[in-house]
Amino acid sequence: MPSLQDLNPPQREAVEYSGGPLLVLAGAGSGKTRVITYRIAHLIEDRGVKPENILAVTFTNKAAEQMKQRVAHLLSARLESWPHLSTFHSFAVRVLRREIGRLGYHGEFSIYDEADQARLVKGALQELGLEERTLGPRAALARISYAKNRGLSPEALYRQAADPASERLASLYARYEQKLREAQALDFDDLLLKAVELFDQAPEVALAYNERFIHLLVDEYQDTNRIQYQLIRQLCQRHQNLCAVGDEDQSIYRWRGADIQNILNFERDFPAAKIIRLEQNYRSTQTILDAATAVVSRNRARKGKRLWTDRGAGFKVALYEAWDAEDEAEFVSEEIAPALQDHAAESVAVLYRTNAQSRAFEEALRKRSLDYRLVGGFSFYERAEIKDVLAYARLAANPQDSGALLRSINTPRRGLSEATMKAVESIARGGNLSLWQAIEQELAAPSGRLSARAMRSLEGFRSLLREFAESRQRLSLPAFFRHILERTGYVDALRAENSSESEGRIENLAELVNAAAEAETRGESLSEFLDHAALVSSADQYDERARVSLMTFHSAKGLEFSWVFLAGLEEGLVPHQLSLGDEAGIEEERRLCYVGMTRARERLFLSRVSRRRSYGKELQEETRRSRFLDEVPSELIERLNDSLLTPKPRVAWTNAVNSVESVESFLGRRGRSRGRMGERSPGVAGERSRWPRGTKVRHAKYGVGTVLESEGEGEETKLTVSFPGYGQKKLLERYASLERV
DNA sequence: TTTAATGGGTTTTTT
DNA sequence: ACCCATTAAA
């Protein structure tokens, strides 16, 4: 039985309120998660609601998982059934796996991630002969997604197109949708859209879900988009038991279609709505809170809250103005090291605007042998080898999945040329078939357009897939993946490659089999495992046991740390260059800054860099401090260094030059050579080489030349040879069959 | 057919 | 600095 004594009056009111739609405006650190978990526990224990009648939607899988545990902890008895806790997307997938037949899709549809989508758009651009420079696949995709989320069909987009470019976009959109459907695939937007469409078209299904989920709780309501809003409305239509929890000051997903109006207009949308404000902050010191509030209160689009805390003032907000990114990272790690040692800080986060900024911090932390966890960036399921193998699994479930087919058909190499695939695609287009159907047709009744060799390869690929479709029924999840690895020769190909990377890839694949084994013990089917892989978010990588975490401002939402470093507070970064266009964009950046600041419990460090290299350019550019820095009252700030007029390198110059590492990085940074530095220094052709400089050699095609340089040894020797009349050529000894003259 | 070099274009944040 | 498409070479 949850003790409501643990709650303050407004929290308690929010937990107990039962009069219909409820909006809880929960300021940062005001116990939002607590309200949701207590409310769920209260519904179950005190009001006799069956757990399975409760649906709670969170932003990440991790948040859902955490909430589940906390609810379990609050309850005195073990539950017969569980409340359904998930993200919008996973919820939609669950519904669709059962019901999508009503919309003419196969229940084993594939989920397309951004890479699959880009491939599709690229194909569509080619087919339509629209390979224009003005609209890359990524940009096109963004605009298609925008249209989709606004409920615009390709036809509607076409009708309202004002210029030829918009018309082209509309036809691209149409082709893209057609290709998705052919592949029996849904993109991320579709997951939500199709769920809404389903509930629209099949009221009896909507009703069934209304009856199943009598109580609906939505976390992070400020970040819901239009489609999610529609879904929420459909789900709570009957019982009106919606409890939305959010904070308009933390709305940071506008670029993904989040509509801050959803929270600002809650009372208009739900006329009988009750609004409760949680304004007591339990997380941060007064100083941190004041600093953050000073920034965000410049925004106009707010409902307004007054956050307070009964914790003391604490430390001032520290400000460090760094010379360059390395200096900034050096500062951060220098502060962190002793704090971890003497436990002045239990947990530390270094937050930045863009993932690209993480590198400097990683280097600095590693140099001090400080353990850290990086959240975001490249996730496990985004690695090429993982996606390759998952593509085979996807095909076993859904052979129409052209994206997966294109990905897997020639990896590992099966000798299918680009020309062959072009021909297959053209056969598919001609007969209005999926790629898989085209292959089947071609094998059954050869048109003669493909070489005998290509036909053999396709035959092999087909029997492989048929085998997988069968073995999938028979084998356990991990055994199925092992089977794929073996039969496709994927691991063998990696072994043969024998490069520094291939070893890591093989390990990753072993890890994939492990993940499958874990899924198996959770009782997941292949579909569910694949869904999970498609829907993991980068925020899910966060490991609360880590003492130092590196992540973007966005990923940090919902988390808290004893110490927080906000790095790179410069114009163009925070606020970001691309958000400077309109006031709404600036306001969102300001909220982002607010979210970052309010993650801190004890200490907040702000830093900026005065010279930053952009796009790996040679030249570092002068930066300007973020306007948000000026919005923090100066009496709350303690400057850690005087000014940038007299920059002094933090690392002693002599040290920096003498250490091998810094010499290398020095050379690496200044040097013009491409590729990774110091990995393979061009060997001077010395006496020990079999091909000393000046050796005369004969080449079958170029005739006699003079060796200028040789790299590597034995079979791998690479020679630079100057041939009169042909210029310099780089040749591999192994292939070039050179003759000494 | 496959692989490595080269040149051109690009990057916010992510379910 | 990184990703991609194109091209040269075996």
# chains A, B, ... in the order shown; residues from 1 in each chain; ligands from 1
$ closest_atom_pairs --of "chain B" --to "chain A" --cutoff "9 Å" --atoms "only C-alpha atoms (C1' of nucleotides)" --output "CSV"
residue,atom,partner,partner_atom,distance
B:DT1,C1',A:Gly415,CA,6.9
B:DT10,C1',A:Tyr615,CA,8.6
B:DT11,C1',A:Tyr615,CA,8.4
B:DT12,C1',A:Thr354,CA,6.2
B:DT13,C1',A:His554,CA,6.2
B:DT14,C1',A:Ser537,CA,7.5
B:DT15,C1',A:Ser537,CA,6.7
$ residues_around --residues "B:DG8" --least-positions-apart "2" --cutoff "10 Å" --atoms "only C-alpha atoms (C1' of nucleotides)" --output "list in words"
DT6 and DT10 of chain B; DC4 and DA5 of chain C
$ closest_atom_pairs --of "chain C" --to "chain A" --cutoff "12 Å" --atoms "only C-alpha atoms (C1' of nucleotides)" --output "tab-separated table"
residue	atom	partner	partner_atom	distance
C:DA1	C1'	A:Gly616	CA	5.0
C:DC2	C1'	A:Tyr615	CA	9.3
C:DC4	C1'	A:Gly136	CA	11.9
C:DA8	C1'	A:Lys729	CA	10.6
C:DA9	C1'	A:Leu731	CA	8.5
C:DA10	C1'	A:Tyr735	CA	5.9
$ write_last_selection --atoms "all heavy atoms" --output "short mmCIF file (atom, residue, chain, number, x, y, z; two decimals), in the first residue's frame"
data_model
loop_
_atom_site.label_atom_id
_atom_site.label_comp_id
_atom_site.auth_asym_id
_atom_site.auth_seq_id
_atom_site.Cartn_x
_atom_site.Cartn_y
_atom_site.Cartn_z
P DA C 1 41.26 14.92 -38.07
OP1 DA C 1 42.04 16.02 -38.05
OP2 DA C 1 41.47 13.71 -37.30
"O5'" DA C 1 39.74 14.93 -38.43
"C5'" DA C 1 38.75 15.74 -37.84
"C4'" DA C 1 37.45 14.97 -37.88
"O4'" DA C 1 36.55 15.66 -38.76
"C3'" DA C 1 37.56 13.55 -38.44
"O3'" DA C 1 36.62 12.72 -37.78
"C2'" DA C 1 37.21 13.71 -39.91
"C1'" DA C 1 36.18 14.83 -39.85
N9 DA C 1 36.20 15.67 -41.04
C8 DA C 1 37.29 16.22 -41.66
N7 DA C 1 36.99 16.92 -42.72
C5 DA C 1 35.60 16.83 -42.80
C6 DA C 1 34.67 17.33 -43.71
N6 DA C 1 35.02 18.09 -44.74
N1 DA C 1 33.37 17.04 -43.49
C2 DA C 1 33.04 16.28 -42.43
N3 DA C 1 33.83 15.74 -41.52
C4 DA C 1 35.10 16.05 -41.77
P DC C 2 36.45 11.24 -38.27
OP1 DC C 2 36.15 10.45 -37.07
OP2 DC C 2 37.52 10.80 -39.21
"O5'" DC C 2 35.14 11.41 -39.15
"C5'" DC C 2 33.86 11.30 -38.57
"C4'" DC C 2 32.88 11.22 -39.72
"O4'" DC C 2 33.21 12.23 -40.70
"C3'" DC C 2 32.93 9.88 -40.46
"O3'" DC C 2 31.60 9.40 -40.55
"C2'" DC C 2 33.49 10.22 -41.82
"C1'" DC C 2 33.03 11.66 -41.99
N1 DC C 2 33.83 12.46 -42.97
C2 DC C 2 33.16 13.21 -43.93
O2 DC C 2 31.92 13.21 -43.95
N3 DC C 2 33.88 13.92 -44.83
C4 DC C 2 35.22 13.90 -44.78
N4 DC C 2 35.88 14.63 -45.67
C5 DC C 2 35.91 13.14 -43.79
C6 DC C 2 35.20 12.44 -42.91
P DC C 4 27.15 6.61 -45.80
OP1 DC C 4 25.71 6.49 -45.56
OP2 DC C 4 28.07 5.49 -45.47
"O5'" DC C 4 27.38 7.00 -47.33
"C5'" DC C 4 26.58 8.04 -47.91
"C4'" DC C 4 27.18 8.40 -49.25
"O4'" DC C 4 28.50 8.89 -49.05
"C3'" DC C 4 27.32 7.20 -50.18
"O3'" DC C 4 26.25 7.25 -51.11
"C2'" DC C 4 28.67 7.41 -50.86
"C1'" DC C 4 29.24 8.65 -50.22
N1 DC C 4 30.65 8.51 -49.82
C2 DC C 4 31.61 9.31 -50.44
O2 DC C 4 31.25 10.09 -51.31
N3 DC C 4 32.90 9.18 -50.05
C4 DC C 4 33.25 8.32 -49.11
N4 DC C 4 34.53 8.24 -48.76
C5 DC C 4 32.28 7.49 -48.47
C6 DC C 4 31.00 7.61 -48.84
P DA C 8 39.42 6.74 -64.02
OP1 DA C 8 39.90 7.99 -64.64
OP2 DA C 8 38.61 5.78 -64.80
"O5'" DA C 8 40.66 5.96 -63.42
"C5'" DA C 8 41.40 6.57 -62.37
"C4'" DA C 8 42.17 5.47 -61.64
"O4'" DA C 8 41.24 4.65 -60.90
"C3'" DA C 8 42.93 4.52 -62.56
"O3'" DA C 8 44.18 4.27 -61.95
"C2'" DA C 8 42.07 3.25 -62.59
"C1'" DA C 8 41.45 3.29 -61.21
N9 DA C 8 40.16 2.65 -61.07
C8 DA C 8 39.08 2.74 -61.90
N7 DA C 8 38.02 2.06 -61.48
C5 DA C 8 38.45 1.49 -60.30
C6 DA C 8 37.83 0.65 -59.36
N6 DA C 8 36.57 0.23 -59.49
N1 DA C 8 38.55 0.26 -58.29
C2 DA C 8 39.81 0.69 -58.17
N3 DA C 8 40.50 1.47 -58.98
C4 DA C 8 39.76 1.84 -60.03
P DA C 9 45.34 3.66 -62.82
OP1 DA C 9 46.53 4.42 -62.43
OP2 DA C 9 44.96 3.55 -64.24
"O5'" DA C 9 45.44 2.20 -62.23
"C5'" DA C 9 45.91 2.04 -60.90
"C4'" DA C 9 45.55 0.67 -60.44
"O4'" DA C 9 44.12 0.53 -60.45
"C3'" DA C 9 46.09 -0.45 -61.35
"O3'" DA C 9 47.06 -1.18 -60.62
"C2'" DA C 9 44.87 -1.31 -61.67
"C1'" DA C 9 43.84 -0.83 -60.67
N9 DA C 9 42.47 -0.92 -61.12
C8 DA C 9 41.92 -0.41 -62.26
N7 DA C 9 40.63 -0.65 -62.38
C5 DA C 9 40.32 -1.37 -61.24
C6 DA C 9 39.13 -1.93 -60.77
N6 DA C 9 37.98 -1.84 -61.41
N1 DA C 9 39.17 -2.58 -59.60
C2 DA C 9 40.34 -2.66 -58.93
N3 DA C 9 41.53 -2.18 -59.27
C4 DA C 9 41.45 -1.54 -60.45
P DA C 10 47.78 -2.39 -61.34
OP1 DA C 10 49.15 -2.36 -60.79
OP2 DA C 10 47.56 -2.36 -62.80
"O5'" DA C 10 47.03 -3.65 -60.75
"C5'" DA C 10 47.15 -3.93 -59.36
"C4'" DA C 10 46.44 -5.22 -59.08
"O4'" DA C 10 45.03 -5.03 -59.33
"C3'" DA C 10 46.90 -6.36 -59.99
"O3'" DA C 10 47.27 -7.47 -59.22
"C2'" DA C 10 45.71 -6.69 -60.88
"C1'" DA C 10 44.53 -6.07 -60.14
N9 DA C 10 43.55 -5.49 -61.05
C8 DA C 10 43.77 -4.77 -62.19
N7 DA C 10 42.69 -4.37 -62.79
C5 DA C 10 41.67 -4.86 -61.98
C6 DA C 10 40.28 -4.79 -62.07
N6 DA C 10 39.64 -4.17 -63.05
N1 DA C 10 39.57 -5.39 -61.10
C2 DA C 10 40.22 -6.02 -60.12
N3 DA C 10 41.52 -6.15 -59.92
C4 DA C 10 42.20 -5.55 -60.90
#
$ atom_distance --atom1 "atom CA of A:Phe91" --atom2 "atom CA of A:Asn262"
20.1 Å
$ select_by_dssp --residues "stretch 572-611 of chain A" --states "alpha helix (DSSP H)" --output "list in words"
Glu583, Ala584, Gly585, Ile586, Glu587, Glu588, Glu589, Arg590, Arg591, Leu592, Cys593, Tyr594, Val595, Gly596 and Met597 of chain A
$ decode --residues "chain B" --atoms "C-alpha atoms (C1' of nucleotides)" --output "PDB file, in the first residue's frame"
ATOM      1  C1'  DT B   1      34.315  -8.368 -59.716  1.00  0.00           C
ATOM      2  C1'  DT B   2      36.424  -6.456 -55.889  1.00  0.00           C
ATOM      3  C1'  DT B   3      39.138  -3.255 -53.580  1.00  0.00           C
ATOM      4  C1'  DA B   4      41.472   1.138 -52.638  1.00  0.00           C
ATOM      5  C1'  DA B   5      42.068   5.922 -53.714  1.00  0.00           C
ATOM      6  C1'  DT B   6      39.975  10.206 -54.599  1.00  0.00           C
ATOM      7  C1'  DG B   7      36.943  13.997 -54.750  1.00  0.00           C
ATOM      8  C1'  DG B   8      32.715  16.335 -53.387  1.00  0.00           C
ATOM      9  C1'  DG B   9      29.172  17.316 -50.228  1.00  0.00           C
ATOM     10  C1'  DT B  10      27.698  17.661 -45.442  1.00  0.00           C
ATOM     11  C1'  DT B  11      26.039  17.442 -39.958  1.00  0.00           C
ATOM     12  C1'  DT B  12      21.213  19.295 -34.503  1.00  0.00           C
ATOM     13  C1'  DT B  13      18.833  17.200 -31.508  1.00  0.00           C
ATOM     14  C1'  DT B  14      16.112  11.098 -32.241  1.00  0.00           C
ATOM     15  C1'  DT B  15      11.277   7.708 -31.416  1.00  0.00           C
TER      16       DT B  15
END
